[in-house]
Amino acid sequence: MLASTQTNTPSVIQVRTQDVLPTSIESLVISAFHQFETELNNGALVTIDKATSRVRILPIRQG
């Protein structure tokens, strides 16, 4: 949806894990907030899992 609308906002954090209980993912999400603070303030899609985090700046260009 973000790619098709070509929008700059809102920022999104996508968590890819089987256990989405807050107690299980809180440290991952907090770490991503700190790591990508600037990007999230400017519009980004952050994807996090147990092993890694990555960011794509909005708008997402298909290509």
# chains A, B, ... in the order shown; residues from 1 in each chain; ligands from 1
>>> residues_around(residues="Pro59 (chain A)", least_positions_apart="2", cutoff="6 Å", atoms="only C-alpha atoms", output="list in words")
Gln6, Thr7 and Asn8 of chain A
>>> select_by_dssp(residues="chain A", states="helix (DSSP H, G or I)", output="list of chain:residue names")
A:Leu2, A:Ala3, A:Ser4, A:Thr5, A:Pro22, A:Thr23, A:Ser24, A:Ile25, A:Glu26, A:Ser27, A:Leu28, A:Val29, A:Ile30, A:Ser31, A:Ala32, A:Phe33, A:His34, A:Gln35, A:Glu37, A:Thr38, A:Glu39, A:Leu40, A:Asn41, A:Asn42
>>> write_last_selection(atoms="C-alpha atoms", output="short mmCIF file (atom, residue, chain, number, x, y, z; two decimals), in the first residue's frame")
data_model
loop_
_atom_site.label_atom_id
_atom_site.label_comp_id
_atom_site.auth_asym_id
_atom_site.auth_seq_id
_atom_site.Cartn_x
_atom_site.Cartn_y
_atom_site.Cartn_z
CA LEU A 2 2.82 2.39 0.83
CA ALA A 3 4.47 1.82 -2.55
CA SER A 4 1.25 2.24 -4.51
CA THR A 5 0.25 5.50 -2.83
CA PRO A 22 4.83 -6.95 23.82
CA THR A 23 7.18 -8.62 26.28
CA SER A 24 8.81 -10.52 23.43
CA ILE A 25 9.30 -7.67 20.97
CA GLU A 26 9.69 -4.58 23.14
CA SER A 27 13.49 -4.52 23.03
CA LEU A 28 13.46 -5.01 19.23
CA VAL A 29 11.02 -2.15 18.72
CA ILE A 30 12.78 0.21 21.13
CA SER A 31 16.12 -0.53 19.48
CA ALA A 32 14.61 0.18 16.04
CA PHE A 33 13.15 3.47 17.31
CA HIS A 34 16.58 4.58 18.47
CA GLN A 35 18.44 3.28 15.42
CA GLU A 37 14.74 7.85 14.73
CA THR A 38 15.62 10.34 12.00
CA GLU A 39 14.21 8.15 9.24
CA LEU A 40 10.97 7.53 11.15
CA ASN A 41 10.51 11.26 11.72
CA ASN A 42 10.90 11.87 7.98
#
>>> atom_distance(atom1="CA of Val55 (chain A)", atom2="CA of Ser11 (chain A)")
10.4 Å
>>> select_by_dssp(residues="chain A", states="strand (DSSP E or B)", output="list in words")
Val12, Ile13, Gln14, Val15, Ala44, Leu45, Val46, Thr47, Ile48, Ser53, Arg54, Val55, Arg56 and Ile57 of chain A
>>> closest_residue(among="A:Thr9, A:Val20, A:Gln14, A:Met1", to="Ile57 (chain A)", atoms="only C-alpha atoms")
A:Thr9
